Amino acid sequence: VSVGGGGMISGITVAAKAIKPDIIIIGAEPEEADDCAKSVETGHLIPNSSPPQTICDALLTSIKELPWSVISQLVDGIVTVSDDEVITAMKWIMERMKLVIEPSAACPLAAVMKTRFKELVGSDVKNIGIVVCGGNVDLHNLPKW
């Protein structure tokens, strides 16, 4: 699940764990906007110290107190991704799924493609769900990859 201010991941986590308590929830955020990863690592809320610079413009907001109270207790890990990894994931989704998505929506797939994700969930996981949320794209300004 993409992580910006934390509302979406905290809501999804509460609902998913109510249905299936042993489900593993992993957040994905840009390396340049990694306040959630730093917060999880230290165990306390650490907002971004300066405005992040990333193509994932929907994920620029720092984690807020209420979502942090859920994330810190229920989310199983955070994977950070580079802008290049996000672009690779966007291309994959556009080419294979035929969906036009914004960069922020590609963060979860970019995270799944990383070794760190496999370290967090284990090698025996058979089913992975990815929340692809965000289609705020100007079709006249698509990147020329």
# chains A, B, ... in the order shown; residues from 1 in each chain; ligands from 1
>>> select_by_dssp(residues="segment 51-101 of chain A", states="helix (DSSP H, G or I)", output="PyMOL selection string")
chain A and resi 57-59+65-74+83-97
>>> residues_around(residues="segment 109-116 of chain A", least_positions_apart="4", cutoff="12 Å", atoms="only C-alpha atoms", output="PyMOL selection string")
chain A and resi 1-3+25-31+77-93+101+103-105+120-123+125+127-133
>>> write_last_selection(atoms="C-alpha atoms", output="PDB file, in the first residue's frame")
ATOM      1  CA  VAL A   1       0.000   0.000   0.000  1.00  0.00           C
ATOM      2  CA  SER A   2       1.375   3.440  -0.905  1.00  0.00           C
ATOM      3  CA  VAL A   3       2.178   5.687   2.053  1.00  0.00           C
ATOM      4  CA  ILE A  25       0.702  -5.456   5.352  1.00  0.00           C
ATOM      5  CA  ILE A  26       3.689  -3.723   3.758  1.00  0.00           C
ATOM      6  CA  GLY A  27       3.811  -0.019   2.975  1.00  0.00           C
ATOM      7  CA  ALA A  28       5.627   1.468  -0.008  1.00  0.00           C
ATOM      8  CA  GLU A  29       7.014   4.973  -0.179  1.00  0.00           C
ATOM      9  CA  PRO A  30       9.523   6.945  -2.234  1.00  0.00           C
ATOM     10  CA  GLU A  31      13.106   7.028  -0.972  1.00  0.00           C
ATOM     11  CA  GLY A  77       7.086  -3.146   7.304  1.00  0.00           C
ATOM     12  CA  ILE A  78       7.869  -0.358   4.867  1.00  0.00           C
ATOM     13  CA  VAL A  79       9.806  -0.649   1.607  1.00  0.00           C
ATOM     14  CA  THR A  80      11.265   2.469   0.024  1.00  0.00           C
ATOM     15  CA  VAL A  81      11.587   2.784  -3.748  1.00  0.00           C
ATOM     16  CA  SER A  82      13.520   5.063  -6.081  1.00  0.00           C
ATOM     17  CA  ASP A  83      11.867   7.170  -8.769  1.00  0.00           C
ATOM     18  CA  ASP A  84      13.509   4.921 -11.398  1.00  0.00           C
ATOM     19  CA  GLU A  85      11.941   1.856  -9.766  1.00  0.00           C
ATOM     20  CA  VAL A  86       8.563   3.627  -9.776  1.00  0.00           C
ATOM     21  CA  ILE A  87       8.920   4.366 -13.502  1.00  0.00           C
ATOM     22  CA  THR A  88       9.749   0.709 -14.183  1.00  0.00           C
ATOM     23  CA  ALA A  89       6.631  -0.346 -12.244  1.00  0.00           C
ATOM     24  CA  MET A  90       4.476   2.237 -14.079  1.00  0.00           C
ATOM     25  CA  LYS A  91       5.647   0.873 -17.427  1.00  0.00           C
ATOM     26  CA  TRP A  92       4.916  -2.693 -16.302  1.00  0.00           C
ATOM     27  CA  ILE A  93       1.379  -1.796 -15.220  1.00  0.00           C
ATOM     28  CA  ILE A 101      -1.757   5.360 -13.339  1.00  0.00           C
ATOM     29  CA  PRO A 103       3.561   7.408 -10.131  1.00  0.00           C
ATOM     30  CA  SER A 104       2.255   7.141  -6.558  1.00  0.00           C
ATOM     31  CA  ALA A 105       0.062   4.217  -7.588  1.00  0.00           C
ATOM     32  CA  LEU A 120       9.758  -8.882   5.000  1.00  0.00           C
ATOM     33  CA  VAL A 121       7.124 -11.361   3.787  1.00  0.00           C
ATOM     34  CA  GLY A 122       9.204 -14.518   3.414  1.00  0.00           C
ATOM     35  CA  SER A 123       9.799 -16.737   0.426  1.00  0.00           C
ATOM     36  CA  VAL A 125       4.119 -16.339   0.289  1.00  0.00           C
ATOM     37  CA  ASN A 127      -0.653 -14.564  -2.784  1.00  0.00           C
ATOM     38  CA  ILE A 128       0.180 -10.868  -2.953  1.00  0.00           C
ATOM     39  CA  GLY A 129      -2.379  -8.085  -3.243  1.00  0.00           C
ATOM     40  CA  ILE A 130      -1.302  -4.684  -4.494  1.00  0.00           C
ATOM     41  CA  VAL A 131      -3.400  -1.551  -4.002  1.00  0.00           C
ATOM     42  CA  VAL A 132      -3.107   0.466  -7.225  1.00  0.00           C
ATOM     43  CA  CYS A 133      -4.735   3.727  -6.220  1.00  0.00           C
TER      44      CYS A 133
END
>>> residues_around(residues="Glu32 of chain A", least_positions_apart="5", cutoff="12 Å", atoms="only C-alpha atoms", output="ChimeraX atom specification")
/A:4,37-38,48-57,59-62,80-84
>>> closest_residue(among="A:Ile63, A:Ala58, A:Val70, A:Cys107", to="Val137 of chain A", atoms="only C-alpha atoms")
A:Ala58
